[in-house]
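Peer 1: What follows is a structure written as structure tokens; I'll ask about it next.
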Amino acid sequence: MLKLLAPSKIYADKIDAYHEAVKELVAKSNAEEGCIFYTVNQDVNDPQIHYFLECWKSEEALAEHMKTEHFTRIVPTLAEYVEERLDGFCKMNEVVGP
């Protein structure tokens with residue numbers, strides 16, 4: 001399993017619009033064959049900080065995801081909501097889990 005964590009700081013006045021903008025991406029990504037889960041999460045201490053948290057069956061599944069119509073259409077539009085891309089992006093392999 002391959003997991004990704006991608007943090008961003010969203011403009012304070014665009015948080016609700018950002019949540020609306022990612023709904024279709026999250027729903028369609030979760031429907032992909034190689035997706036285990038795909039979520040957008042908001043920091044409990046700073047509502048501007050959001051994290052994509054993703055889990056894929058393989059590197060190949062992630063590569064296929066990045067070619068999908070919904071990914072290539074929606075992801076570029078998210079830039080208008082992002083004040084700053086934050087350090088902390090990571091790609092991880094699960095070594096111990098359920």
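Residue numbering restarts at 1 in every chain; chains get A, B, ... in the order shown in the structure tokens, and ligands count up from 1 in that same order.
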Just the strand (DSSP E or B) stuff from range 63-96 of chain A, please, per backbone DSSP, written as a PyMOL selection string.

Peer 2: chain A and resi 82-85+90-93

Peer 1: What would the file look like if the residues just selected were written as a compact mmCIF listing (two decimals), in the first residue's frame with C-alpha atoms?

Peer 2:
```
# COMPACT_ATOMS: atom_id res chain seq x y z
CA VAL A 82 -4.26 27.70 -2.14
CA GLU A 83 -2.42 30.46 -0.34
CA GLU A 84 0.66 28.31 0.17
CA ARG A 85 1.87 24.77 -0.51
CA CYS A 90 5.32 12.66 1.91
CA LYS A 91 4.82 9.36 0.16
CA MET A 92 4.87 6.33 2.44
CA ASN A 93 4.71 2.56 2.21
```

Peer 1: Write out as a PyMOL selection string which residues come within 7 Å of Val40 in chain A when counting only C-alpha atoms, dropping same-chain ones fewer than 6 positions away.

Peer 2: chain A and resi 50-53

Peer 1: Would you output that residue set with C-alpha atoms, as a PDB file, in the first residue's frame?

Peer 2:
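Contents of part.pdb, as written:
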```pdb
ATOM      1  CA  HIS A  50      -5.768  21.140   4.806  1.00  0.00           C
ATOM      2  CA  TYR A  51      -4.275  17.758   3.971  1.00  0.00           C
ATOM      3  CA  PHE A  52      -4.951  15.386   1.145  1.00  0.00           C
ATOM      4  CA  LEU A  53      -4.598  11.938   2.713  1.00  0.00           C
TER       5      LEU A  53
END
```

Peer 1: Using only C-alpha atoms, find the one residue out of A:Pro76, A:Pro7, A:Gly88, A:Gly34 that sits nearest to Lys57 in chain A.

Peer 2: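 So, comparing all the options, the nearest one is A:Gly34.
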
Peer 1: For each of A:Ile36, A:Ala31, A:Ala6, A:Ile49, take the minimum atom-to-atom distance to Tyr18 in chain A, counting only C-alpha atoms, then give the residue where this is smallest.

Peer 2: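 Selected residue with least distance to Tyr18 in chain A: A:Ile49.
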
Peer 1: May I ask which of the residues A:Phe89, A:Tyr81, A:Trp56, A:Tyr38 is the closest one to Lys23 in chain A, counting only C-alpha atoms?

Peer 2: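 Checking each candidate against Lys23 in chain A, we get A:Tyr38 as the closest.
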
Peer 1: Please extract the residues of chain A with a backbone DSSP assignment of helix (DSSP H, G or I) and present them as a PyMOL selection string.

Peer 2: chain A and resi 12-30+59-65+69-81

Peer 1: Would you list the contacts of Glu64 in chain A as a PDB file with C-alpha atoms, in the first residue's frame, taking every protein, DNA or RNA residue within 12 Å and counting only C-alpha atoms, but skipping same-chain residues closer than 4 positions in sequence?

Peer 2:
```
ATOM      1  CA  SER A  29     -11.055   9.188  -6.714  1.00  0.00           C
ATOM      2  CA  GLU A  32     -11.226   4.206  -8.666  1.00  0.00           C
ATOM      3  CA  GLU A  33     -10.216   0.544  -8.673  1.00  0.00           C
ATOM      4  CA  GLY A  34      -6.789   1.200  -7.164  1.00  0.00           C
ATOM      5  CA  CYS A  35      -7.950   3.582  -4.427  1.00  0.00           C
ATOM      6  CA  TRP A  56      -3.452   3.485  -3.102  1.00  0.00           C
ATOM      7  CA  LYS A  57      -3.000  -0.216  -3.794  1.00  0.00           C
ATOM      8  CA  SER A  58       0.241   0.493  -5.657  1.00  0.00           C
ATOM      9  CA  GLU A  59       2.443   3.088  -7.315  1.00  0.00           C
ATOM     10  CA  GLU A  60       0.809   2.049 -10.592  1.00  0.00           C
ATOM     11  CA  THR A  68      -7.922  10.372 -14.914  1.00  0.00           C
ATOM     12  CA  GLU A  69     -10.265  12.967 -16.372  1.00  0.00           C
ATOM     13  CA  HIS A  70     -11.381  14.181 -12.941  1.00  0.00           C
ATOM     14  CA  PHE A  71      -7.808  14.587 -11.669  1.00  0.00           C
ATOM     15  CA  THR A  72      -6.519  16.423 -14.753  1.00  0.00           C
TER      16      THR A  72
END
```
